$ cat my_file-v1.txt   # compact mmCIF, C-alpha atoms
# COMPACT_ATOMS: atom_id res chain seq x y z
CA MET R 577 0.32 13.73 27.24
CA ASN R 578 -2.35 11.28 26.07
CA ASP R 579 -1.86 8.07 24.13
CA GLU R 580 -3.40 9.50 20.96
CA LEU R 581 -0.63 12.08 20.64
CA ARG R 582 2.03 9.46 21.29
CA GLU R 583 0.75 7.22 18.50
CA LYS R 584 0.51 9.88 15.80
CA ALA R 585 3.39 12.01 14.54
CA PRO R 586 2.63 15.75 14.57
CA ARG R 587 2.97 17.86 11.45
CA GLN R 588 6.65 18.58 10.90
CA ASP R 589 6.82 22.33 11.38
CA GLN R 590 10.22 23.07 9.84
CA GLY R 591 10.19 26.63 11.14
CA LEU R 592 9.69 25.42 14.71
CA ILE R 593 12.32 22.70 14.32
CA GLY R 594 14.84 25.08 12.81
CA ARG R 595 14.30 27.71 15.51
CA ALA R 596 14.60 25.11 18.29
CA TYR R 597 17.90 23.68 17.05
CA GLU R 598 19.30 27.12 16.26
CA LEU R 599 18.71 28.24 19.86
CA PHE R 600 19.84 24.90 21.27
CA ASP R 601 23.13 25.07 19.35
CA ASP R 602 23.65 28.68 20.48
CA PHE R 603 22.93 27.97 24.16
CA TYR R 604 24.93 24.73 24.07
CA ALA R 605 28.01 26.43 22.65
CA GLN R 606 27.88 29.40 25.02
CA THR R 607 27.55 27.19 28.11
CA ALA R 608 30.19 24.63 27.07
CA GLU R 609 32.74 25.89 29.62
CA LEU R 610 30.14 25.77 32.37
CA ARG R 611 29.24 22.15 31.60
CA MET R 612 32.91 21.19 31.56
CA LYS R 613 33.37 22.87 34.94
CA TRP R 614 30.36 21.04 36.37
CA GLU R 615 31.75 17.71 35.16
CA GLU R 616 35.16 18.48 36.69
CA ASN R 617 33.49 19.46 39.98
CA GLU R 618 31.68 16.13 40.05
CA GLU R 619 34.97 14.28 39.56
CA LEU R 620 36.61 16.24 42.39
CA TYR R 621 33.65 15.48 44.68
CA ARG R 622 34.10 11.78 43.87
CA THR R 623 37.86 12.14 44.62
CA ASN R 624 38.72 11.36 40.97
CA HIS R 625 41.24 14.18 41.06
CA TRP R 626 43.45 12.94 38.23
CA ARG R 627 40.88 11.62 35.76
CA ARG R 628 41.37 14.48 33.31
CA GLN R 629 44.89 15.56 34.18
CA GLY R 630 46.75 13.31 31.76
CA GLN R 631 49.18 12.03 34.41
CA ARG R 632 51.55 9.17 33.58
CA ASP R 633 50.94 5.87 35.33
CA ASP R 634 54.32 6.03 37.07
CA GLU R 635 53.63 9.44 38.65
CA PRO R 636 52.06 9.78 42.10
CA GLN R 637 48.36 10.63 42.06
CA PRO R 638 47.41 11.57 45.63
CA VAL R 639 43.75 12.11 46.48
CA ASN R 640 42.07 13.77 49.43
CA PRO R 641 38.39 13.43 50.42
CA VAL R 642 38.28 16.86 52.05
CA LEU R 643 35.87 18.28 49.45
CA PHE R 644 33.55 15.30 49.79
CA SER R 645 33.60 15.58 53.59
CA THR R 646 33.03 19.33 53.52
CA ILE R 647 30.09 19.12 51.12
CA GLU R 648 28.41 16.27 52.97
CA SER R 649 28.84 18.12 56.27
CA MET R 650 27.26 21.25 54.79
CA LEU R 651 24.47 19.13 53.33
CA ALA R 652 23.74 17.65 56.75
CA ASP R 653 23.41 21.18 58.18
CA ILE R 654 21.06 22.13 55.35
CA MET R 655 18.85 19.09 55.95
CA ASP R 656 18.75 19.87 59.68
CA SER R 657 17.12 23.16 58.65
CA TYR R 658 14.75 21.57 56.12
CA PRO R 659 12.13 24.26 55.41
CA GLN R 660 8.38 23.94 55.86
CA PRO R 661 5.97 25.74 53.50
CA VAL R 662 3.85 28.44 55.14
CA VAL R 663 1.05 30.24 53.28
CA LEU R 664 0.44 33.68 54.80
CA ALA R 665 -2.93 35.40 55.01
CA GLN R 666 -3.29 38.23 52.50
CA GLU R 667 -6.09 40.03 54.30
CA GLU R 668 -7.60 40.08 57.77
CA GLY R 669 -9.82 37.06 58.22
CA ASP R 670 -7.82 34.84 55.83
CA ASP R 671 -5.91 33.05 58.59
CA ALA R 672 -8.01 29.86 58.47
CA VAL R 673 -7.76 29.61 54.68
CA ALA R 674 -4.01 30.24 54.80
CA GLU R 675 -3.53 27.49 57.39
CA THR R 676 -5.59 25.06 55.30
CA LEU R 677 -3.53 25.85 52.20
CA SER R 678 -0.33 25.38 54.19
CA GLN R 679 -1.46 21.91 55.21
CA VAL R 680 -2.45 21.05 51.63
CA VAL R 681 0.97 22.07 50.28
CA ARG R 682 2.74 20.13 53.03
CA TYR R 683 0.66 17.06 52.22
CA ILE R 684 1.49 17.29 48.51
CA LEU R 685 5.21 17.62 49.26
CA LYS R 686 5.07 14.72 51.69
CA ARG R 687 3.43 12.30 49.26
CA ARG R 688 5.91 13.38 46.59
CA ARG R 689 8.73 12.58 49.06
CA TYR R 690 10.05 16.07 48.51
CA ARG R 691 12.62 15.77 51.29
CA THR R 692 14.58 13.41 49.03
CA VAL R 693 14.24 15.82 46.09
CA PHE R 694 15.34 18.71 48.30
CA ARG R 695 18.45 16.79 49.40
CA LYS R 696 19.34 16.04 45.79
CA LYS R 697 18.95 19.64 44.65
CA ALA R 698 20.92 20.93 47.66
CA ARG R 699 23.81 18.57 46.91
CA GLN R 700 23.72 19.67 43.27
CA ALA R 701 23.99 23.31 44.31
CA LEU R 702 26.92 22.60 46.63
CA ILE R 703 28.85 20.72 43.92
CA LYS R 704 27.91 22.68 40.80
CA GLY R 705 26.74 26.01 42.20
CA THR R 706 23.32 25.75 40.54
CA SER R 707 20.32 23.52 41.07
CA VAL R 708 17.33 22.93 38.80
CA GLN R 709 13.91 21.63 39.82
CA GLU R 710 11.00 20.88 37.53
CA VAL R 711 7.51 21.54 38.89
CA PHE R 712 4.91 19.95 36.64
CA TRP R 713 1.62 18.12 36.32
CA ASP R 714 2.47 14.43 36.06
CA THR R 715 -0.25 12.64 34.07
CA GLU R 716 1.20 9.20 34.89
CA LEU R 717 0.60 9.41 38.65
CA TYR R 718 -2.29 7.57 40.31
CA GLY R 719 -3.22 5.44 37.34
CA GLY R 720 -3.55 8.35 34.94
CA LEU R 721 -5.46 10.70 37.24
CA GLY R 722 -2.38 12.91 37.51
CA ASP R 723 -0.97 15.03 40.29
CA VAL R 724 1.58 17.73 41.01
CA ASN R 725 5.13 16.44 40.88
CA ILE R 726 8.56 17.93 41.59
CA ARG R 727 11.88 16.49 40.53
CA SER R 728 15.47 17.59 40.56
CA TRP R 729 17.06 17.81 37.11
CA ASP R 730 20.80 17.76 36.44
CA VAL R 731 21.85 21.29 35.49
CA LYS R 732 24.26 19.74 32.94
CA HIS R 733 21.18 18.74 30.98
CA PHE R 734 19.36 22.05 31.22
CA LEU R 735 20.07 24.91 28.83
CA PHE R 736 19.13 28.50 29.62
CA ASP R 737 19.53 31.75 27.71
CA PRO R 738 23.06 32.91 28.71
CA LYS R 739 22.13 36.52 27.87
CA CYS R 740 19.57 36.77 30.69
CA GLU R 741 20.25 36.80 34.43
CA ASN R 742 16.69 35.57 35.05
CA PHE R 743 16.19 32.53 32.83
CA GLN R 744 12.42 33.16 32.86
CA GLU R 745 13.10 36.22 30.70
CA GLY R 746 15.12 34.21 28.18
CA ARG R 747 14.23 33.41 24.60
CA ALA R 748 13.74 29.75 25.53
CA CYS R 749 15.04 26.98 27.76
CA PHE R 750 15.76 23.33 27.10
CA LYS R 751 15.52 20.21 29.20
CA PHE R 752 17.41 17.43 27.41
CA GLY R 753 18.84 13.98 27.96
CA PHE R 754 20.34 10.98 26.21
CA PHE R 755 18.17 7.89 25.86
CA THR R 756 18.31 4.49 24.23
CA LYS R 757 16.42 3.92 20.99
CA GLU R 758 14.11 1.52 22.84
CA PHE R 759 13.21 4.23 25.35
CA VAL R 760 12.36 6.72 22.60
CA ALA R 761 10.39 4.17 20.55
CA ASP R 762 8.38 3.11 23.60
CA ARG R 763 7.13 6.66 24.12
CA TYR R 764 6.90 7.68 20.46
CA PRO R 765 6.40 4.57 18.29
CA PHE R 766 6.78 6.60 15.08
CA ALA R 767 10.06 8.27 16.14
CA LEU R 768 12.75 5.89 14.87
CA SER R 769 11.57 6.22 11.27
CA MET R 770 11.94 10.01 11.50
CA VAL R 771 15.03 10.81 13.55
CA GLN R 772 18.31 11.72 11.87
CA PRO R 773 21.85 11.41 13.27
CA ASP R 774 23.17 14.44 15.14
CA THR R 775 26.47 15.42 16.70
CA TYR R 776 25.39 15.39 20.36
CA SER R 777 26.64 12.63 22.63
CA SER R 778 26.44 12.03 26.36
CA TYR R 779 29.46 12.38 28.63
CA GLY R 780 30.64 8.87 29.39
CA GLY R 781 28.00 7.30 27.11
CA ASP R 782 28.51 4.52 24.57
CA GLY R 783 27.60 6.76 21.64
CA ASP R 784 24.51 4.71 20.71
CA GLU R 785 22.03 6.98 22.46
CA LEU R 786 19.65 9.57 21.06
CA MET R 787 19.51 13.13 22.33
CA MET R 788 15.90 14.09 23.06
CA MET R 789 14.95 17.60 24.15
CA GLU R 790 12.00 19.54 25.49
CA TYR R 791 11.99 22.97 23.85
CA TRP R 792 10.19 25.47 26.09
CA TYR R 793 9.38 28.87 24.60
CA LYS R 794 6.96 31.76 25.07
CA GLU R 795 4.67 33.57 22.65
CA ARG R 796 2.22 36.40 23.13
CA ASP R 797 -1.34 35.89 21.93
CA ARG R 798 -3.56 38.51 20.32
CA GLU R 799 -4.44 39.93 23.73
CA GLY R 800 -0.77 40.32 24.61
CA VAL R 801 -0.82 37.48 27.17
CA SER R 802 2.39 35.44 27.37
CA ARG R 803 1.78 31.75 26.66
CA VAL R 804 4.34 29.05 27.35
CA HIS R 805 4.56 26.16 24.87
CA MET R 806 6.64 23.00 24.66
CA ALA R 807 7.84 20.81 21.82
CA VAL R 808 9.65 17.47 22.05
CA LEU R 809 12.34 16.95 19.42
CA CYS R 810 14.82 14.20 18.66
CA GLY R 811 17.20 13.93 15.72
CA HIS R 812 15.68 17.01 14.02
CA ALA R 813 12.22 15.43 14.13
CA LEU R 814 9.23 16.93 15.93
CA LEU R 815 7.72 14.28 18.21
CA TYR R 816 5.25 16.40 20.15
CA ASP R 817 3.86 19.92 19.80
CA SER R 818 1.84 21.27 22.71
CA LYS R 819 0.05 23.75 20.45
CA ARG R 820 -1.95 20.90 18.94
CA SER R 821 -3.81 20.24 22.18
CA ARG R 822 -3.05 23.27 24.35
CA SER R 823 -3.16 26.39 22.24
CA GLU R 824 -3.76 28.37 25.44
CA GLY R 825 -0.34 27.32 26.71
CA MET R 826 1.00 24.50 28.87
CA TYR R 827 0.42 26.34 32.15
CA ALA R 828 -1.88 29.23 33.04
CA HIS R 829 0.92 31.07 34.88
CA GLY R 830 2.80 31.49 31.58
CA LYS R 831 6.18 30.59 33.07
CA TYR R 832 8.73 27.90 32.34
CA PRO R 833 7.99 25.09 34.84
CA PHE R 834 11.48 25.12 36.32
CA VAL R 835 13.17 26.66 39.35
CA MET R 836 16.86 27.57 39.13
CA GLU R 837 18.77 28.46 42.30
CA SER R 838 22.40 29.57 42.66
CA LEU R 839 24.52 28.88 45.73
CA TYR R 840 26.78 31.90 45.17
CA PRO R 841 25.11 34.00 42.44
CA LEU R 842 27.07 35.52 39.58
CA GLU R 843 25.88 38.77 38.10
CA GLY R 844 24.46 38.59 34.62
CA MET R 845 23.67 34.88 34.49
CA PRO R 846 21.42 32.39 36.31
CA ALA R 847 24.27 29.98 37.14
CA GLY R 848 26.47 30.50 40.22
CA LEU R 849 29.61 29.32 41.98
CA SER R 850 29.81 26.17 44.08
CA VAL R 851 31.76 25.10 47.16
CA VAL R 852 34.16 23.29 44.83
CA ASP R 853 34.72 26.46 42.79
CA VAL R 854 35.44 28.49 45.93

$ encode --input "my_file-v1.txt" --output "structure tokens"
Amino acid sequence: MNDELREKAPRQDQGLIGRAYELFDDFYAQTAELRMKWEENEELYRTNHWRRQGQRDDEPQPVNPVLFSTIESMLADIMDSYPQPVVLAQEEGDDAVAETLSQVVRYILKRRRYRTVFRKKARQALIKGTSVQEVFWDTELYGGLGDVNIRSWDVKHFLFDPKCENFQEGRACFKFGFFTKEFVADRYPFALSMVQPDTYSSYGGDGDELMMMEYWYKERDREGVSRVHMAVLCGHALLYDSKRSRSEGMYAHGKYPFVMESLYPLEGMPAGLSVVDV
């Protein structure tokens, strides 16, 4: 995203804003029990067994680190089998090209320190049953030259269409988070004069943060090709609309730039069961 778009507020497309918040509210409500379960699983992993149980101070509150030990032991086994990317030849005579591509992908992952990202996403899957990774072009790397980047994103702050087992087939998906007003104003100087109060608040936050979302959705163009677009919204204000600069879509592959993986898959939804659940 260039500086010009950050400095100037996009046209407030009320239809886009309304559709985004309608879907967000729907997805948020339907996944409320999942998010509560993920939060409880995190507390159990941290051995905060009684944090939400409402026990009296004079009652015993025993704790046991067995879940923590089990998960960390499983994580160590996973990291011992850390995978290496291998590009296979499609046709006879492509072996040299395939090997070169394998080395290129390994180099990209190495300079992105992907082993650390992989550990984080594996731990997330063990605790919550579902991991989310974002694969994107990061324009801030290398002094603005940009490069491929991969990061793990907390599944608690990722909304998917609960009606679709494959989230890529869903009506939309949302990456969201809670940020200070200074953080939002630094990236979108015009934002604070536009945002309105909403009812969303972060778990454990001080209540003075703003909920900012990336609304990812797909549309088909006149040729029937699926295009993926993204809008940034905060407090019912449109801060960025990818259609202004990328009418052809954010990515040529036409997919949401996220990877969801379930530890123990559940039929009918992209989220799964974790070690804690079992």

$ atom_distance --input "my_file-v1.txt" --atom1 "atom CA of Pro586 of chain R" --atom2 "atom CA of Tyr776 of chain R"
23.5 Å

$ axis_aligned_box --input "my_file-v1.txt" --around "segment 660-663 of chain R" --padding-each-side "3 Å" --output "lines of an AutoDock Vina configuration file"
center_x = 4.7
center_y = 27.1
center_z = 54.6
size_x = 13.3
size_y = 12.3
size_z = 8.6

$ atom_distance --input "my_file-v1.txt" --atom1 "atom CA of Asp797 of chain R" --atom2 "atom CA of Asp589 of chain R"
19.0 Å

$ residues_around --input "my_file-v1.txt" --residues "segment 759-775 of chain R" --least-positions-apart "2" --cutoff "7 Å" --atoms "all atoms listed in the file" --output "PyMOL selection string"
chain R and resi 582-583+585+755-757+777+810-813+815

$ write_last_selection --input "my_file-v1.txt" --atoms "C-alpha atoms" --output "tab-separated table (two decimals), keeping the file's coordinate frame"
chain	number	residue	atom	x	y	z
R	582	ARG	CA	2.03	9.46	21.29
R	583	GLU	CA	0.75	7.22	18.50
R	585	ALA	CA	3.39	12.01	14.54
R	755	PHE	CA	18.17	7.89	25.86
R	756	THR	CA	18.31	4.49	24.23
R	757	LYS	CA	16.42	3.92	20.99
R	777	SER	CA	26.64	12.63	22.63
R	810	CYS	CA	14.82	14.20	18.66
R	811	GLY	CA	17.20	13.93	15.72
R	812	HIS	CA	15.68	17.01	14.02
R	813	ALA	CA	12.22	15.43	14.13
R	815	LEU	CA	7.72	14.28	18.21

$ closest_residue --input "my_file-v1.txt" --among "R:Ala672, R:Glu741, R:Met787, R:Lys704" --to "Phe754 of chain R" --atoms "only C-alpha atoms"
R:Met787

$ residues_near_point --input "my_file-v1.txt" --point "(24.4, 21.0, 52.9)" --cutoff "9 Å" --atoms "all atoms listed in the file" --output "number ranges by chain"
R: 646-656, 695, 698-699, 701-702

$ closest_residue --input "my_file-v1.txt" --among "R:Leu717, R:Val854, R:Leu620, R:Cys749" --to "His805 of chain R" --atoms "all atoms listed in the file"
R:Cys749

$ atom_distance --input "my_file-v1.txt" --atom1 "atom CA of Arg689 of chain R" --atom2 "atom CA of Ala674 of chain R"
22.5 Å

$ residues_around --input "my_file-v1.txt" --residues "Lys751 of chain R" --least-positions-apart "6" --cutoff "10 Å" --atoms "all atoms listed in the file" --output "list in words"
Glu710, Trp729, Asp730, Val731, Lys732, His733, Phe734, Leu735, Phe736, Met788, Met789, Glu790, Tyr791, Trp792, Val808 and Phe834 of chain R

$ closest_residue --input "my_file-v1.txt" --among "R:Gly830, R:Met836, R:Asp634, R:Leu809" --to "Leu592 of chain R" --atoms "all atoms listed in the file"
R:Leu809

$ residues_around --input "my_file-v1.txt" --residues "Gly705 of chain R" --least-positions-apart "5" --cutoff "10 Å" --atoms "only C-alpha atoms" --output "VMD selection string"
chain R and resid 614 617 698 to 700 731 837 to 842 847 to 854
